[in-house]
>>> print(open('protein38.pdb').read())   # PDB, C-alpha atoms
ATOM      1  CA  MET A 284       0.000   0.000   0.000  1.00  0.00           C
ATOM      2  CA  ALA A 285       1.379   3.417  -0.987  1.00  0.00           C
ATOM      3  CA  GLY A 286       0.058   5.221   2.060  1.00  0.00           C
ATOM      4  CA  PRO A 287      -2.752   5.485   4.615  1.00  0.00           C
ATOM      5  CA  ARG A 288      -6.336   6.418   3.958  1.00  0.00           C
ATOM      6  CA  LEU A 289      -6.381   8.192   7.313  1.00  0.00           C
ATOM      7  CA  LEU A 290      -3.410   9.860   8.984  1.00  0.00           C
ATOM      8  CA  ALA A 291      -3.785  10.604  12.704  1.00  0.00           C
ATOM      9  CA  LEU A 292      -1.244  13.077  14.075  1.00  0.00           C
ATOM     10  CA  ASP A 293      -0.347  14.328  17.515  1.00  0.00           C
ATOM     11  CA  PHE A 294       0.206  18.096  17.556  1.00  0.00           C
ATOM     12  CA  ASP A 295       2.836  19.312  20.043  1.00  0.00           C
ATOM     13  CA  GLY A 296       6.142  17.699  19.143  1.00  0.00           C
ATOM     14  CA  VAL A 297       4.859  16.316  15.847  1.00  0.00           C
ATOM     15  CA  ILE A 298       3.311  19.172  13.891  1.00  0.00           C
ATOM     16  CA  CYS A 299       4.317  22.160  15.991  1.00  0.00           C
ATOM     17  CA  ASP A 300       7.226  23.110  18.238  1.00  0.00           C
ATOM     18  CA  THR A 301       5.438  24.769  21.157  1.00  0.00           C
ATOM     19  CA  VAL A 302       7.863  24.260  24.036  1.00  0.00           C
ATOM     20  CA  HIS A 303       8.845  27.936  24.408  1.00  0.00           C
ATOM     21  CA  GLU A 304       5.264  29.186  24.348  1.00  0.00           C
ATOM     22  CA  GLY A 305       4.329  26.422  26.773  1.00  0.00           C
ATOM     23  CA  CYS A 306       7.035  27.496  29.195  1.00  0.00           C
ATOM     24  CA  ARG A 307       6.033  31.153  28.960  1.00  0.00           C
ATOM     25  CA  SER A 308       2.332  30.394  29.510  1.00  0.00           C
ATOM     26  CA  ALA A 309       3.135  28.038  32.391  1.00  0.00           C
ATOM     27  CA  TRP A 310       5.246  30.774  33.993  1.00  0.00           C
ATOM     28  CA  GLN A 311       2.257  33.122  33.792  1.00  0.00           C
ATOM     29  CA  VAL A 312       0.063  30.529  35.521  1.00  0.00           C
ATOM     30  CA  CYS A 313       2.640  30.109  38.275  1.00  0.00           C
ATOM     31  CA  ARG A 314       2.699  33.874  38.830  1.00  0.00           C
ATOM     32  CA  GLU A 315      -0.941  33.529  39.874  1.00  0.00           C
ATOM     33  CA  LEU A 316       0.043  30.954  42.508  1.00  0.00           C
ATOM     34  CA  VAL A 317       3.337  32.254  43.918  1.00  0.00           C
ATOM     35  CA  THR A 318       5.311  35.493  43.886  1.00  0.00           C
ATOM     36  CA  LEU A 319       7.638  35.564  40.870  1.00  0.00           C
ATOM     37  CA  ASN A 320       9.645  38.378  39.354  1.00  0.00           C
ATOM     38  CA  GLY A 321       9.316  39.175  35.666  1.00  0.00           C
ATOM     39  CA  ASP A 322       6.751  38.579  32.955  1.00  0.00           C
ATOM     40  CA  VAL A 323       8.844  35.866  31.319  1.00  0.00           C
ATOM     41  CA  PRO A 324      10.787  32.958  32.819  1.00  0.00           C
ATOM     42  CA  PRO A 325      14.506  33.480  33.459  1.00  0.00           C
ATOM     43  CA  PRO A 326      16.853  31.889  30.895  1.00  0.00           C
ATOM     44  CA  GLU A 327      18.096  29.155  33.239  1.00  0.00           C
ATOM     45  CA  LEU A 328      14.555  28.008  34.065  1.00  0.00           C
ATOM     46  CA  LYS A 329      13.563  28.109  30.416  1.00  0.00           C
ATOM     47  CA  ALA A 330      16.578  25.978  29.460  1.00  0.00           C
ATOM     48  CA  ALA A 331      15.714  23.408  32.150  1.00  0.00           C
ATOM     49  CA  PHE A 332      12.083  23.352  30.996  1.00  0.00           C
ATOM     50  CA  VAL A 333      13.142  22.648  27.402  1.00  0.00           C
ATOM     51  CA  ARG A 334      15.352  19.766  28.539  1.00  0.00           C
ATOM     52  CA  LEU A 335      12.583  18.315  30.699  1.00  0.00           C
ATOM     53  CA  ARG A 336       9.724  18.781  28.214  1.00  0.00           C
ATOM     54  CA  PRO A 337       9.629  15.035  27.326  1.00  0.00           C
ATOM     55  CA  VAL A 338       8.301  14.176  30.816  1.00  0.00           C
ATOM     56  CA  LEU A 339       5.049  16.086  30.247  1.00  0.00           C
ATOM     57  CA  GLU A 340       1.916  14.250  29.167  1.00  0.00           C
ATOM     58  CA  SER A 341      -0.831  16.900  29.459  1.00  0.00           C
ATOM     59  CA  GLY A 342      -1.076  20.688  29.343  1.00  0.00           C
ATOM     60  CA  TRP A 343      -1.996  21.094  33.002  1.00  0.00           C
ATOM     61  CA  GLU A 344       1.379  19.577  33.921  1.00  0.00           C
ATOM     62  CA  PHE A 345       3.295  22.478  32.353  1.00  0.00           C
ATOM     63  CA  PRO A 346       2.897  24.777  35.398  1.00  0.00           C
ATOM     64  CA  VAL A 347       3.694  21.827  37.659  1.00  0.00           C
ATOM     65  CA  LEU A 348       7.037  21.407  35.899  1.00  0.00           C
ATOM     66  CA  VAL A 349       7.819  25.106  36.372  1.00  0.00           C
ATOM     67  CA  LEU A 350       7.010  24.809  40.088  1.00  0.00           C
ATOM     68  CA  ALA A 351       9.147  21.676  40.356  1.00  0.00           C
ATOM     69  CA  ILE A 352      12.109  23.482  38.791  1.00  0.00           C
ATOM     70  CA  LEU A 353      11.587  26.447  41.118  1.00  0.00           C
ATOM     71  CA  ASP A 354      11.517  24.030  44.069  1.00  0.00           C
ATOM     72  CA  GLY A 355      14.959  22.809  43.053  1.00  0.00           C
ATOM     73  CA  ILE A 356      13.997  19.202  42.364  1.00  0.00           C
ATOM     74  CA  PRO A 357      16.940  17.637  40.488  1.00  0.00           C
ATOM     75  CA  GLU A 358      16.420  17.042  36.778  1.00  0.00           C
ATOM     76  CA  ALA A 359      17.417  13.391  37.157  1.00  0.00           C
ATOM     77  CA  THR A 360      14.596  12.944  39.677  1.00  0.00           C
ATOM     78  CA  LEU A 361      12.077  14.618  37.382  1.00  0.00           C
ATOM     79  CA  PHE A 362      13.140  12.447  34.447  1.00  0.00           C
ATOM     80  CA  GLN A 363      12.771   9.292  36.527  1.00  0.00           C
ATOM     81  CA  SER A 364       9.648  10.026  38.571  1.00  0.00           C
ATOM     82  CA  PHE A 365       7.882  13.164  37.386  1.00  0.00           C
ATOM     83  CA  GLN A 366       4.401  11.760  38.042  1.00  0.00           C
ATOM     84  CA  ALA A 367       5.220  11.130  41.706  1.00  0.00           C
ATOM     85  CA  GLU A 368       6.688  14.620  42.047  1.00  0.00           C
ATOM     86  CA  CYS A 369       3.645  15.980  40.246  1.00  0.00           C
ATOM     87  CA  ARG A 370       1.328  14.686  42.968  1.00  0.00           C
ATOM     88  CA  ARG A 371       3.524  16.241  45.648  1.00  0.00           C
ATOM     89  CA  ILE A 372       3.522  19.630  43.889  1.00  0.00           C
ATOM     90  CA  LEU A 373      -0.277  19.591  43.569  1.00  0.00           C
ATOM     91  CA  GLU A 374      -0.598  18.938  47.296  1.00  0.00           C
ATOM     92  CA  LYS A 375       1.990  21.550  48.267  1.00  0.00           C
ATOM     93  CA  TYR A 376       0.406  24.349  46.240  1.00  0.00           C
ATOM     94  CA  ARG A 377      -3.168  23.174  46.862  1.00  0.00           C
ATOM     95  CA  VAL A 378      -4.209  23.103  43.209  1.00  0.00           C
ATOM     96  CA  THR A 379      -5.922  20.506  41.059  1.00  0.00           C
ATOM     97  CA  PRO A 380      -5.293  19.422  37.458  1.00  0.00           C
ATOM     98  CA  LYS A 381      -8.693  20.882  36.492  1.00  0.00           C
ATOM     99  CA  GLU A 382      -7.817  24.259  37.987  1.00  0.00           C
ATOM    100  CA  LEU A 383      -4.386  24.341  36.340  1.00  0.00           C
ATOM    101  CA  ALA A 384      -5.874  23.389  32.963  1.00  0.00           C
ATOM    102  CA  ALA A 385      -8.404  26.234  33.201  1.00  0.00           C
ATOM    103  CA  ARG A 386      -5.713  28.736  34.220  1.00  0.00           C
ATOM    104  CA  PHE A 387      -3.419  27.545  31.416  1.00  0.00           C
ATOM    105  CA  ASP A 388      -6.129  28.010  28.758  1.00  0.00           C
ATOM    106  CA  ALA A 389      -7.082  31.403  30.189  1.00  0.00           C
ATOM    107  CA  VAL A 390      -3.469  32.611  29.991  1.00  0.00           C
ATOM    108  CA  ARG A 391      -3.350  31.630  26.318  1.00  0.00           C
ATOM    109  CA  ASP A 392      -6.689  33.293  25.577  1.00  0.00           C
ATOM    110  CA  ARG A 393      -5.463  36.534  27.144  1.00  0.00           C
ATOM    111  CA  ALA A 394      -2.191  36.350  25.212  1.00  0.00           C
ATOM    112  CA  ILE A 395      -4.040  35.891  21.904  1.00  0.00           C
ATOM    113  CA  ALA A 396      -6.442  38.736  22.694  1.00  0.00           C
ATOM    114  CA  ARG A 397      -3.552  41.011  23.613  1.00  0.00           C
ATOM    115  CA  SER A 398      -1.360  40.214  20.599  1.00  0.00           C
ATOM    116  CA  LEU A 399      -1.754  37.269  18.244  1.00  0.00           C
ATOM    117  CA  GLU A 400       1.646  38.090  16.772  1.00  0.00           C
ATOM    118  CA  GLY A 401       3.198  37.965  20.223  1.00  0.00           C
ATOM    119  CA  TRP A 402       1.544  34.630  20.991  1.00  0.00           C
ATOM    120  CA  LEU A 403       2.935  33.175  17.759  1.00  0.00           C
ATOM    121  CA  ALA A 404       6.432  34.588  18.244  1.00  0.00           C
ATOM    122  CA  ASP A 405       7.941  31.625  20.062  1.00  0.00           C
ATOM    123  CA  GLN A 406       6.133  28.688  18.459  1.00  0.00           C
ATOM    124  CA  GLY A 407       5.690  27.395  14.952  1.00  0.00           C
ATOM    125  CA  LEU A 408       5.298  24.382  12.694  1.00  0.00           C
ATOM    126  CA  TYR A 409       8.406  22.299  12.153  1.00  0.00           C
ATOM    127  CA  PRO A 410      10.349  23.034   8.937  1.00  0.00           C
ATOM    128  CA  GLY A 411       8.588  21.624   5.894  1.00  0.00           C
ATOM    129  CA  MET A 412       5.539  20.551   7.934  1.00  0.00           C
ATOM    130  CA  ALA A 413       2.986  22.966   6.466  1.00  0.00           C
ATOM    131  CA  GLU A 414       3.957  22.107   2.897  1.00  0.00           C
ATOM    132  CA  ARG A 415       3.855  18.368   3.583  1.00  0.00           C
ATOM    133  CA  LEU A 416       0.444  18.521   5.270  1.00  0.00           C
ATOM    134  CA  GLN A 417      -0.933  20.559   2.386  1.00  0.00           C
ATOM    135  CA  ALA A 418       0.388  17.985  -0.092  1.00  0.00           C
ATOM    136  CA  ILE A 419      -1.128  15.098   1.867  1.00  0.00           C
ATOM    137  CA  LEU A 420      -4.497  16.837   1.952  1.00  0.00           C
ATOM    138  CA  ARG A 421      -4.345  17.460  -1.792  1.00  0.00           C
ATOM    139  CA  GLY A 422      -3.575  13.768  -2.299  1.00  0.00           C
ATOM    140  CA  GLY A 423      -6.842  12.749  -0.694  1.00  0.00           C
ATOM    141  CA  THR A 424      -5.627  11.274   2.586  1.00  0.00           C
ATOM    142  CA  ALA A 425      -7.838  12.333   5.503  1.00  0.00           C
ATOM    143  CA  ILE A 426      -5.802  14.006   8.258  1.00  0.00           C
ATOM    144  CA  TYR A 427      -7.005  14.132  11.842  1.00  0.00           C
ATOM    145  CA  VAL A 428      -5.145  15.800  14.701  1.00  0.00           C
ATOM    146  CA  ILE A 429      -5.588  14.059  18.050  1.00  0.00           C
ATOM    147  CA  THR A 430      -3.940  15.984  20.858  1.00  0.00           C
ATOM    148  CA  THR A 431      -4.139  16.621  24.589  1.00  0.00           C
ATOM    149  CA  LYS A 432      -3.945  20.354  23.765  1.00  0.00           C
ATOM    150  CA  GLU A 433      -7.125  22.434  23.612  1.00  0.00           C
ATOM    151  CA  GLY A 434      -8.300  21.770  20.061  1.00  0.00           C
ATOM    152  CA  ARG A 435      -9.044  25.407  19.203  1.00  0.00           C
ATOM    153  CA  PHE A 436      -5.440  26.433  19.857  1.00  0.00           C
ATOM    154  CA  ALA A 437      -4.100  23.684  17.586  1.00  0.00           C
ATOM    155  CA  HIS A 438      -6.609  24.596  14.866  1.00  0.00           C
ATOM    156  CA  LYS A 439      -5.659  28.273  15.051  1.00  0.00           C
ATOM    157  CA  LEU A 440      -1.968  27.450  14.632  1.00  0.00           C
ATOM    158  CA  LEU A 441      -2.711  25.267  11.611  1.00  0.00           C
ATOM    159  CA  GLU A 442      -4.858  27.965   9.985  1.00  0.00           C
ATOM    160  CA  ILE A 443      -2.294  30.695  10.549  1.00  0.00           C
ATOM    161  CA  ASN A 444       0.360  28.517   8.915  1.00  0.00           C
ATOM    162  CA  GLY A 445      -1.766  27.893   5.827  1.00  0.00           C
ATOM    163  CA  VAL A 446      -2.977  24.374   6.631  1.00  0.00           C
ATOM    164  CA  THR A 447      -6.714  24.460   5.972  1.00  0.00           C
ATOM    165  CA  MET A 448      -8.571  21.761   7.884  1.00  0.00           C
ATOM    166  CA  PRO A 449     -12.105  21.656   9.262  1.00  0.00           C
ATOM    167  CA  ALA A 450     -12.139  22.312  13.003  1.00  0.00           C
ATOM    168  CA  ALA A 451     -14.056  19.034  13.346  1.00  0.00           C
ATOM    169  CA  ARG A 452     -10.880  17.185  12.358  1.00  0.00           C
ATOM    170  CA  VAL A 453      -8.810  18.675  15.164  1.00  0.00           C
ATOM    171  CA  TRP A 454      -9.606  16.650  18.272  1.00  0.00           C
ATOM    172  CA  GLY A 455      -8.231  18.170  21.459  1.00  0.00           C
ATOM    173  CA  LYS A 456      -8.417  17.419  25.155  1.00  0.00           C
ATOM    174  CA  GLU A 457     -12.135  18.214  25.061  1.00  0.00           C
ATOM    175  CA  GLN A 458     -12.619  14.723  23.585  1.00  0.00           C
ATOM    176  CA  ALA A 459     -11.627  13.378  27.014  1.00  0.00           C
ATOM    177  CA  GLN A 460     -10.761   9.911  25.712  1.00  0.00           C
ATOM    178  CA  PRO A 461      -7.505   7.954  25.386  1.00  0.00           C
ATOM    179  CA  LYS A 462      -5.950   8.107  21.933  1.00  0.00           C
ATOM    180  CA  ALA A 463      -6.451   4.366  21.433  1.00  0.00           C
ATOM    181  CA  GLU A 464     -10.186   4.893  21.805  1.00  0.00           C
ATOM    182  CA  LEU A 465     -10.099   7.896  19.459  1.00  0.00           C
ATOM    183  CA  LEU A 466      -8.513   5.680  16.802  1.00  0.00           C
ATOM    184  CA  ARG A 467     -11.445   3.303  17.170  1.00  0.00           C
ATOM    185  CA  VAL A 468     -13.887   6.196  16.818  1.00  0.00           C
ATOM    186  CA  LEU A 469     -12.104   7.421  13.685  1.00  0.00           C
ATOM    187  CA  ALA A 470     -12.198   3.973  12.073  1.00  0.00           C
ATOM    188  CA  ARG A 471     -15.894   3.608  12.831  1.00  0.00           C
ATOM    189  CA  ASP A 472     -16.941   7.128  11.822  1.00  0.00           C
ATOM    190  CA  ARG A 473     -14.846   7.199   8.654  1.00  0.00           C
ATOM    191  CA  GLY A 474     -15.634   3.611   7.691  1.00  0.00           C
ATOM    192  CA  VAL A 475     -11.977   2.636   7.219  1.00  0.00           C
ATOM    193  CA  ASP A 476     -10.058  -0.501   8.164  1.00  0.00           C
ATOM    194  CA  TYR A 477      -7.390  -0.293  10.849  1.00  0.00           C
ATOM    195  CA  ASP A 478      -4.661  -1.270   8.403  1.00  0.00           C
ATOM    196  CA  THR A 479      -5.363   1.947   6.467  1.00  0.00           C
ATOM    197  CA  ILE A 480      -4.777   4.154   9.551  1.00  0.00           C
ATOM    198  CA  TRP A 481      -1.310   5.478  10.413  1.00  0.00           C
ATOM    199  CA  PHE A 482      -0.710   7.213  13.753  1.00  0.00           C
ATOM    200  CA  VAL A 483       2.256   9.532  14.387  1.00  0.00           C
ATOM    201  CA  GLU A 484       3.096  10.460  17.984  1.00  0.00           C
ATOM    202  CA  ASP A 485       6.218  11.689  19.798  1.00  0.00           C
ATOM    203  CA  ARG A 486       5.344   9.930  23.073  1.00  0.00           C
ATOM    204  CA  LEU A 487       6.484   6.324  23.061  1.00  0.00           C
ATOM    205  CA  LYS A 488       4.221   5.450  26.000  1.00  0.00           C
ATOM    206  CA  THR A 489       1.150   6.515  24.001  1.00  0.00           C
ATOM    207  CA  LEU A 490       2.192   4.326  21.065  1.00  0.00           C
ATOM    208  CA  GLN A 491       2.780   1.408  23.414  1.00  0.00           C
ATOM    209  CA  LEU A 492      -0.696   1.793  24.902  1.00  0.00           C
ATOM    210  CA  VAL A 493      -2.134   1.500  21.386  1.00  0.00           C
ATOM    211  CA  GLU A 494       0.171  -1.440  20.705  1.00  0.00           C
ATOM    212  CA  ARG A 495      -1.307  -3.335  23.662  1.00  0.00           C
ATOM    213  CA  GLU A 496      -4.845  -3.159  22.229  1.00  0.00           C
ATOM    214  CA  SER A 497      -5.280  -6.364  20.225  1.00  0.00           C
ATOM    215  CA  ASP A 498      -8.032  -4.951  18.001  1.00  0.00           C
ATOM    216  CA  LEU A 499      -5.698  -2.124  16.920  1.00  0.00           C
ATOM    217  CA  ALA A 500      -2.927  -4.505  15.847  1.00  0.00           C
ATOM    218  CA  ALA A 501      -3.121  -3.388  12.203  1.00  0.00           C
ATOM    219  CA  VAL A 502      -2.778   0.364  12.872  1.00  0.00           C
ATOM    220  CA  GLY A 503       0.563   1.759  11.658  1.00  0.00           C
ATOM    221  CA  LEU A 504       2.514   3.260  14.574  1.00  0.00           C
ATOM    222  CA  PHE A 505       5.234   5.888  14.052  1.00  0.00           C
ATOM    223  CA  LEU A 506       7.459   7.629  16.605  1.00  0.00           C
ATOM    224  CA  ALA A 507       8.228  11.230  15.644  1.00  0.00           C
ATOM    225  CA  THR A 508      11.878  11.360  16.691  1.00  0.00           C
ATOM    226  CA  TRP A 509      12.105  15.120  16.064  1.00  0.00           C
ATOM    227  CA  GLY A 510       9.629  15.801  18.891  1.00  0.00           C
ATOM    228  CA  TYR A 511       9.861  15.737  22.669  1.00  0.00           C
ATOM    229  CA  VAL A 512      11.351  12.264  22.939  1.00  0.00           C
ATOM    230  CA  MET A 513      13.716  10.918  25.566  1.00  0.00           C
ATOM    231  CA  PRO A 514      16.894   9.331  24.141  1.00  0.00           C
ATOM    232  CA  SER A 515      16.076   6.086  25.957  1.00  0.00           C
ATOM    233  CA  ASP A 516      12.692   5.999  24.202  1.00  0.00           C
ATOM    234  CA  LYS A 517      14.376   6.251  20.817  1.00  0.00           C
ATOM    235  CA  ASP A 518      16.520   3.240  21.678  1.00  0.00           C
ATOM    236  CA  GLU A 519      13.517   1.271  22.944  1.00  0.00           C
ATOM    237  CA  ALA A 520      11.445   2.084  19.857  1.00  0.00           C
ATOM    238  CA  ALA A 521      14.292   0.964  17.596  1.00  0.00           C
ATOM    239  CA  ARG A 522      14.008  -2.517  19.170  1.00  0.00           C
ATOM    240  CA  ASP A 523      10.235  -2.704  18.677  1.00  0.00           C
ATOM    241  CA  PRO A 524       9.268  -4.306  15.331  1.00  0.00           C
ATOM    242  CA  ARG A 525       5.800  -2.764  15.474  1.00  0.00           C
ATOM    243  CA  ILE A 526       6.832   0.888  15.951  1.00  0.00           C
ATOM    244  CA  VAL A 527       8.591   2.742  13.122  1.00  0.00           C
ATOM    245  CA  SER A 528      11.002   5.492  14.151  1.00  0.00           C
ATOM    246  CA  LEU A 529      10.444   8.413  11.812  1.00  0.00           C
ATOM    247  CA  ALA A 530      12.734  11.382  11.139  1.00  0.00           C
ATOM    248  CA  LEU A 531      11.339  14.754  10.083  1.00  0.00           C
ATOM    249  CA  GLU A 532      12.930  14.520   6.645  1.00  0.00           C
ATOM    250  CA  GLN A 533      11.217  11.144   6.138  1.00  0.00           C
ATOM    251  CA  PHE A 534       7.878  12.610   7.186  1.00  0.00           C
ATOM    252  CA  CYS A 535       8.276  15.398   4.677  1.00  0.00           C
ATOM    253  CA  ARG A 536       8.921  12.933   1.825  1.00  0.00           C
ATOM    254  CA  GLY A 537       6.419  10.492   0.330  1.00  0.00           C
ATOM    255  CA  PHE A 538       4.743   7.807   2.419  1.00  0.00           C
ATOM    256  CA  SER A 539       6.867   5.144   0.744  1.00  0.00           C
ATOM    257  CA  SER A 540       9.875   6.382   2.750  1.00  0.00           C
ATOM    258  CA  TRP A 541       8.135   5.823   6.083  1.00  0.00           C
ATOM    259  CA  ARG A 542       8.311   2.047   6.186  1.00  0.00           C
ATOM    260  CA  ARG A 543      11.364   0.113   7.365  1.00  0.00           C
TER     261      ARG A 543
END
>>> encode(input="protein38.pdb", output="C-alpha cells")
Amino acid sequence: MAGPRLLALDFDGVICDTVHEGCRSAWQVCRELVTLNGDVPPPELKAAFVRLRPVLESGWEFPVLVLAILDGIPEATLFQSFQAECRRILEKYRVTPKELAARFDAVRDRAIARSLEGWLADQGLYPGMAERLQAILRGGTAIYVITTKEGRFAHKLLEINGVTMPAARVWGKEQAQPKAELLRVLARDRGVDYDTIWFVEDRLKTLQLVERESDLAAVGLFLATWGYVMPSDKDEAARDPRIVSLALEQFCRGFSSWRR
C-alpha cells in the first residue's frame, strides 16, 4: 500500500514546536500561585524546561514542571519520577489538574487577545511541515489531529500557517478519551479498516498503549523522533518491530519512505 487512507497526528512535538510558548504560559500561571519576578521565565529556568519537556503528558502539567524546577527538584529525579513529584507539587500548592488546565487556557486566551503576533512569536510548525500537510491533503488522505492540547489552539496554529482543515478534524483534550479509543472512533466514523490508519506520535508510551490493544494490531505506529522524545525511548522504539522510528525529513517525503 502506498500510504494510509487516514493519517492521525499528535500536535505538540509532531506538527508544531510549542515548548517555548508552553514554558512562557506556564510561567504566567505560576505567577498567579506564587510570587515571581518578571513577565517571562529566566533563561536558566527556560533551558531546564526545554530539557525536561519530554516528561510532560498533558497541558496542566506544564505549570507543575515550572514549580518543580523552582523548588529545586533535580532534573534526574524529574526524568525518573515526574508523576510522583507531580502529585507532591499539587498537594503543596493546593491546586488541582482541572484548575491548572483552566488557568493555562485562560493565559493563552489573554495572550491571543492582547497580541496574536506575540503569541505566535515563540512557536511554529516544524520546517517543511505545512507544505507536507498541504500535499497530503491534496492527495486525498484524511488528516485528523488528536492531541491533549485544547483543540481550538491547535486549529488556530494550523490555519495561521496555511494548513486548511475543518475544526471538526482537530480533536483536542475536550474529547476526554484515550488516543487508542479515538482511533477506534475514527475507524468507525470514517468507515476505514485499521490497516489503512497510520498514527504519528512523539510519546512512546502513548504508542505502546495502542500497541497493547489487540483490536488495533493493524494500525501503523510511528514515533516522531524530532519531537519531545527521551533518548532512551528512541533506543527502545528501535528494538520494537511494530513501531517505526520516523525522522522529520522522512515525514516530509512520500509515504513510501516511512516504512522500514
>>> resolve_selection(input="protein38.pdb", expression="the PyMOL selection byres ((chain A and resi 329) around 12)", output="list of chain:residue names")
A:Val302, A:His303, A:Glu304, A:Gly305, A:Cys306, A:Arg307, A:Ser308, A:Ala309, A:Trp310, A:Val323, A:Pro324, A:Pro325, A:Pro326, A:Glu327, A:Leu328, A:Ala330, A:Ala331, A:Phe332, A:Val333, A:Arg334, A:Leu335, A:Arg336, A:Phe345, A:Leu348, A:Val349, A:Ile352, A:Leu353
>>> write_last_selection(input="protein38.pdb", atoms="C-alpha atoms", output="PDB file, keeping the file's coordinate frame")
ATOM      1  CA  VAL A 302       7.863  24.260  24.036  1.00  0.00           C
ATOM      2  CA  HIS A 303       8.845  27.936  24.408  1.00  0.00           C
ATOM      3  CA  GLU A 304       5.264  29.186  24.348  1.00  0.00           C
ATOM      4  CA  GLY A 305       4.329  26.422  26.773  1.00  0.00           C
ATOM      5  CA  CYS A 306       7.035  27.496  29.195  1.00  0.00           C
ATOM      6  CA  ARG A 307       6.033  31.153  28.960  1.00  0.00           C
ATOM      7  CA  SER A 308       2.332  30.394  29.510  1.00  0.00           C
ATOM      8  CA  ALA A 309       3.135  28.038  32.391  1.00  0.00           C
ATOM      9  CA  TRP A 310       5.246  30.774  33.993  1.00  0.00           C
ATOM     10  CA  VAL A 323       8.844  35.866  31.319  1.00  0.00           C
ATOM     11  CA  PRO A 324      10.787  32.958  32.819  1.00  0.00           C
ATOM     12  CA  PRO A 325      14.506  33.480  33.459  1.00  0.00           C
ATOM     13  CA  PRO A 326      16.853  31.889  30.895  1.00  0.00           C
ATOM     14  CA  GLU A 327      18.096  29.155  33.239  1.00  0.00           C
ATOM     15  CA  LEU A 328      14.555  28.008  34.065  1.00  0.00           C
ATOM     16  CA  ALA A 330      16.578  25.978  29.460  1.00  0.00           C
ATOM     17  CA  ALA A 331      15.714  23.408  32.150  1.00  0.00           C
ATOM     18  CA  PHE A 332      12.083  23.352  30.996  1.00  0.00           C
ATOM     19  CA  VAL A 333      13.142  22.648  27.402  1.00  0.00           C
ATOM     20  CA  ARG A 334      15.352  19.766  28.539  1.00  0.00           C
ATOM     21  CA  LEU A 335      12.583  18.315  30.699  1.00  0.00           C
ATOM     22  CA  ARG A 336       9.724  18.781  28.214  1.00  0.00           C
ATOM     23  CA  PHE A 345       3.295  22.478  32.353  1.00  0.00           C
ATOM     24  CA  LEU A 348       7.037  21.407  35.899  1.00  0.00           C
ATOM     25  CA  VAL A 349       7.819  25.106  36.372  1.00  0.00           C
ATOM     26  CA  ILE A 352      12.109  23.482  38.791  1.00  0.00           C
ATOM     27  CA  LEU A 353      11.587  26.447  41.118  1.00  0.00           C
TER      28      LEU A 353
END
>>> resolve_selection(input="protein38.pdb", expression="the PyMOL selection byres ((chain A and resi 454-469) around 8)", output="PyMOL selection string")
chain A and resi 291+427-435+437+451-453+470-474+489+492-493+496+499
>>> write_last_selection(input="protein38.pdb", atoms="C-alpha atoms", output="PDB file, in the frame of the given file")
ATOM      1  CA  ALA A 291      -3.785  10.604  12.704  1.00  0.00           C
ATOM      2  CA  TYR A 427      -7.005  14.132  11.842  1.00  0.00           C
ATOM      3  CA  VAL A 428      -5.145  15.800  14.701  1.00  0.00           C
ATOM      4  CA  ILE A 429      -5.588  14.059  18.050  1.00  0.00           C
ATOM      5  CA  THR A 430      -3.940  15.984  20.858  1.00  0.00           C
ATOM      6  CA  THR A 431      -4.139  16.621  24.589  1.00  0.00           C
ATOM      7  CA  LYS A 432      -3.945  20.354  23.765  1.00  0.00           C
ATOM      8  CA  GLU A 433      -7.125  22.434  23.612  1.00  0.00           C
ATOM      9  CA  GLY A 434      -8.300  21.770  20.061  1.00  0.00           C
ATOM     10  CA  ARG A 435      -9.044  25.407  19.203  1.00  0.00           C
ATOM     11  CA  ALA A 437      -4.100  23.684  17.586  1.00  0.00           C
ATOM     12  CA  ALA A 451     -14.056  19.034  13.346  1.00  0.00           C
ATOM     13  CA  ARG A 452     -10.880  17.185  12.358  1.00  0.00           C
ATOM     14  CA  VAL A 453      -8.810  18.675  15.164  1.00  0.00           C
ATOM     15  CA  ALA A 470     -12.198   3.973  12.073  1.00  0.00           C
ATOM     16  CA  ARG A 471     -15.894   3.608  12.831  1.00  0.00           C
ATOM     17  CA  ASP A 472     -16.941   7.128  11.822  1.00  0.00           C
ATOM     18  CA  ARG A 473     -14.846   7.199   8.654  1.00  0.00           C
ATOM     19  CA  GLY A 474     -15.634   3.611   7.691  1.00  0.00           C
ATOM     20  CA  THR A 489       1.150   6.515  24.001  1.00  0.00           C
ATOM     21  CA  LEU A 492      -0.696   1.793  24.902  1.00  0.00           C
ATOM     22  CA  VAL A 493      -2.134   1.500  21.386  1.00  0.00           C
ATOM     23  CA  GLU A 496      -4.845  -3.159  22.229  1.00  0.00           C
ATOM     24  CA  LEU A 499      -5.698  -2.124  16.920  1.00  0.00           C
TER      25      LEU A 499
END
>>> resolve_selection(input="protein38.pdb", expression="the PyMOL selection byres ((chain A and resi 520) around 12)", output="PyMOL selection string")
chain A and resi 484-491+494+504-508+512-519+521-529
>>> write_last_selection(input="protein38.pdb", atoms="C-alpha atoms", output="compact mmCIF listing (two decimals), keeping the file's coordinate frame")
# COMPACT_ATOMS: atom_id res chain seq x y z
CA GLU A 484 3.10 10.46 17.98
CA ASP A 485 6.22 11.69 19.80
CA ARG A 486 5.34 9.93 23.07
CA LEU A 487 6.48 6.32 23.06
CA LYS A 488 4.22 5.45 26.00
CA THR A 489 1.15 6.52 24.00
CA LEU A 490 2.19 4.33 21.06
CA GLN A 491 2.78 1.41 23.41
CA GLU A 494 0.17 -1.44 20.70
CA LEU A 504 2.51 3.26 14.57
CA PHE A 505 5.23 5.89 14.05
CA LEU A 506 7.46 7.63 16.60
CA ALA A 507 8.23 11.23 15.64
CA THR A 508 11.88 11.36 16.69
CA VAL A 512 11.35 12.26 22.94
CA MET A 513 13.72 10.92 25.57
CA PRO A 514 16.89 9.33 24.14
CA SER A 515 16.08 6.09 25.96
CA ASP A 516 12.69 6.00 24.20
CA LYS A 517 14.38 6.25 20.82
CA ASP A 518 16.52 3.24 21.68
CA GLU A 519 13.52 1.27 22.94
CA ALA A 521 14.29 0.96 17.60
CA ARG A 522 14.01 -2.52 19.17
CA ASP A 523 10.24 -2.70 18.68
CA PRO A 524 9.27 -4.31 15.33
CA ARG A 525 5.80 -2.76 15.47
CA ILE A 526 6.83 0.89 15.95
CA VAL A 527 8.59 2.74 13.12
CA SER A 528 11.00 5.49 14.15
CA LEU A 529 10.44 8.41 11.81
>>> atom_distance(input="protein38.pdb", atom1="CA of Ala285 (chain A)", atom2="CA of Asp476 (chain A)")
15.2 Å
